[in-house]
Structure formats: structure tokens, C-alpha cells
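Input: a single structure, listed below in C-alpha cells.
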Amino acid sequence: MRMRLKKHLDERILHVNDILLAREGDDFYKLTDEEKNFVKTVSEIFGNGNDLYLELGCGKGAFAIASATQHPERNYIAVEKLSNVIVVACENAVKANLPNLRFINCRAENMLCYLPEHSVKQIILNFSCPFPKKTYANRRLTSKNYLELYKRLLVKDGIISQKTDNLDFFEWSIESFAQNGFETFDVTYDLPADAPDNVVTEYEAKFRMQYQKIYALRARVAR
């Protein structure tokens with residue numbers, strides 16, 4: 001079922017345009033390749049050359065806002081395909097007044113229309129949708145097509161970090177990384193809430209309260 005648009009959505013989007021870099025329209029796939037070129041460099045976006053961290057599927061922005069607050073020396077771009085959801089993230093970020101955080105309202109597979117190749121230090125996948133592997137495995141953000149995209153986005157020695165509460169998805173992802181030229185490390189089947197650099201969002205906190213284990217790993221292109 002298609003999500004009903006929030007009331008006054010377009011007006012609310014206008015109010016957060018300063019931090020929303022792009023909003024992918026319904027006509028995106030009708031555009032020519034030339035018209036799909038919305039690429040901006042990190043220095044054009046942030047006015048500095050700090051490392052870029054890219055979160056795919058940011059939801060209401062709790063992780064991105066907390067991370068950008070804790071690490072002012074990093075640049076963050078948070079991506080969410082649902083306009084209804086990202087508008088809330090942007091509004092929360094405006095209140096936090098973070099110069100090192102921006103948002104893009106688009107589908108993850110189109111990231112190279114917005115960011116240059118080899119510009120991302122770390123790609124962050126927090127609790128991505130674990131689509132059923134038998135029918136929709138290609139939609140999983142750790143499937144082959146996405147991993148090939150990440151190779152083009154990441155800088156040399158760039159990292160992918162993944163967290164999920166779904167064991168089947170986690171183990172499938174480990175296999176997918178191995179089959180597609182990545183090596184995994186820092187693999188854990190029970191991530192402590194106070195692990196270094198771990199930001200516990202409302203979503204993760206809910207799982208922990210239900211005594212669900214959090215699975216986490218990092219991956220990089222195999223050397």
C-alpha cells in the first residue's frame with residue numbers, strides 16, 4: 001500500500017531546502033542521462049575537504065543527527081527515498097543546526113547521479129529492509145548490484161558498516177560480500193550498545209528492549 005503524503009508536505013520541504021540537497025521527482029526515470037547529472041563534490045556541498053560518511057536509509061534521521069553532533073570533523077549525507085519520512089529528518093536536523101549534515105531524497109541505486117565516484121569514506125547501512133531472499137534478494141542493500149555501486153562510491157580503503165537485527169539477512173550479507181570482492185571484519189553476533197562509535201537510535205533501542213541481538217560488521221574491497 002502506498003504511503004499517504006503528509007499534509008503540507010511540499011511546503012515543509014521548501015522550509016528545509018537549505019539542507020536537502022536534492023529531491024528525486026516522479027519523472028526521474030524519464031530524464032536523459034545528461035539530465036540526471038546532479039553531481040556535487042564534497043567541497044561544493046560542505047565548503048571543506050573532510051571525509052564523507054553516507055547513510056543509506058536514514059529514516060527520521062536520529063542516527064545521522066547524533067553522529068554529526070558527535071563528529072563535527074566528519075561530513076555526513078543521509079539518504080532516504082520516502083519524502084514523507086525524510087522531511088521529518090530534515091526538520092529535526094534544522095533544529096540541531098549542524099553544518100556537517102545534509103540530506104538527499106532519492107533511491108540508493110541512483111547515488112552516482114548525486115555524488116562523485118570515490119568520494120565516500122564510509123557507507124552506513126543501519127537496519128536495512130531484509131527483503132525476502134527468495135523473491136526480492138536484489139532489493140537488499142547488500143546484494144551484488146548495490147555492492148558494485150559501493151565500489152564506485154568508496155574511496156580507496158573505504159568501509160561499509162552494517163547493523164541489523166535479522167540473523168538470516170546478516171549471514172546472507174556476509175556471503176554476498178565474500179562473493180562480490182569484499183572482505184568482512186569486526187563481525188559480531190551481539191553488538192554491545194556501548195561499542196566504540198556505536199550510536200543507539202530509537203529503532204535500535206526498541207530491539208534491545210525486546211532482548212533482540214544486534215548483528216554488525218564492517219567490509220572493504222578485498223586487497
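Each chain in the C-alpha cells gets a letter, A, B, ..., in the order shown, and its residues are numbered from 1; ligands are numbered from 1 in order too.
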
Just the residues within 8 Å of Tyr114 of chain A, please, counting only C-alpha atoms, with nothing from its chain fewer than 2 positions along; format it as a VMD selection string. chain A and resid 37 to 40 110 to 112 116

Determine which residues of segment 5-210 of chain A DSSP labels as strand (DSSP E or B) from the backbone of this structure, then write them out as a PyMOL selection string. chain A and resi 20-23+52-56+75-79+101-105+120-126+154-164+182-188

Using Å and a single decimal, report how far atom CA of Ile104 of chain A sits from atom CA of Tyr76 of chain A.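 It comes out at 10.9 Å.
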
Select from segment 69-195 of chain A everything DSSP, run on the backbone, classes as helix (DSSP H, G or I), then give the selection as number ranges by chain. A: 69-70, 83-96, 108-113, 133-139, 144-153, 167-179

List the spatial neighbours of segment 121-138 of chain A as a VMD selection string - criterion: any atom at most 9 Å away, only C-alpha atoms, same-chain residues fewer than 6 positions off excluded. chain A and resid 51 to 58 63 144 to 146 150 153 to 166 168 to 170 172 203 to 204

Which is closer to Gly61 of chain A than all the others in A:Leu217, A:Leu21, A:Leu191, A:Val88, using only C-alpha atoms?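 Smallest distance to Gly61 of chain A is found for A:Val88.
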
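In this comparison, which uses only C-alpha atoms, the residue of A:Arg218, A:Gly59, A:Ser173, A:Arg139 approaching Glu202 of chain A most closely is A:Gly59.
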
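Rounded to one decimal, atom CA of Cys90 of chain A and atom CA of Ala64 of chain A lie 10.3 Å from each other.
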
Neighbours of Val85 of chain A within 12 Å (only C-alpha atoms; same-chain residues fewer than 3 positions away dropped), as a PyMOL selection string? chain A and resi 3-6+9+12-13+57-62+78-82+88-92+103-106

Quick one: residues within 10 Å of Val94 of chain A, only C-alpha atoms counted, chain neighbours fewer than 3 positions away excluded, as number ranges by chain? A: 15-16, 18-19, 65, 88-91, 97-99, 101-102

With C-alpha atoms kept, could you save the residues just selected as a PDB file, in the first residue's frame?
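Result went into part03.pdb, see below:
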ATOM      1  CA  HIS A  15      11.402  25.104   4.532  1.00  0.00           C
ATOM      2  CA  VAL A  16      14.281  22.592   4.688  1.00  0.00           C
ATOM      3  CA  ASP A  18      18.988  24.569   2.768  1.00  0.00           C
ATOM      4  CA  ILE A  19      19.923  21.077   3.965  1.00  0.00           C
ATOM      5  CA  ILE A  65      21.938  13.793  13.661  1.00  0.00           C
ATOM      6  CA  VAL A  88      10.903  14.828   9.452  1.00  0.00           C
ATOM      7  CA  ALA A  89      14.638  14.060   9.459  1.00  0.00           C
ATOM      8  CA  CYS A  90      15.397  17.404   7.821  1.00  0.00           C
ATOM      9  CA  GLU A  91      13.191  19.324  10.249  1.00  0.00           C
ATOM     10  CA  ASN A  97      21.843  23.329  13.361  1.00  0.00           C
ATOM     11  CA  LEU A  98      24.562  21.018  12.071  1.00  0.00           C
ATOM     12  CA  PRO A  99      26.773  22.438   9.292  1.00  0.00           C
ATOM     13  CA  LEU A 101      24.938  17.209   7.773  1.00  0.00           C
ATOM     14  CA  ARG A 102      22.906  17.212   4.558  1.00  0.00           C
TER      15      ARG A 102
END
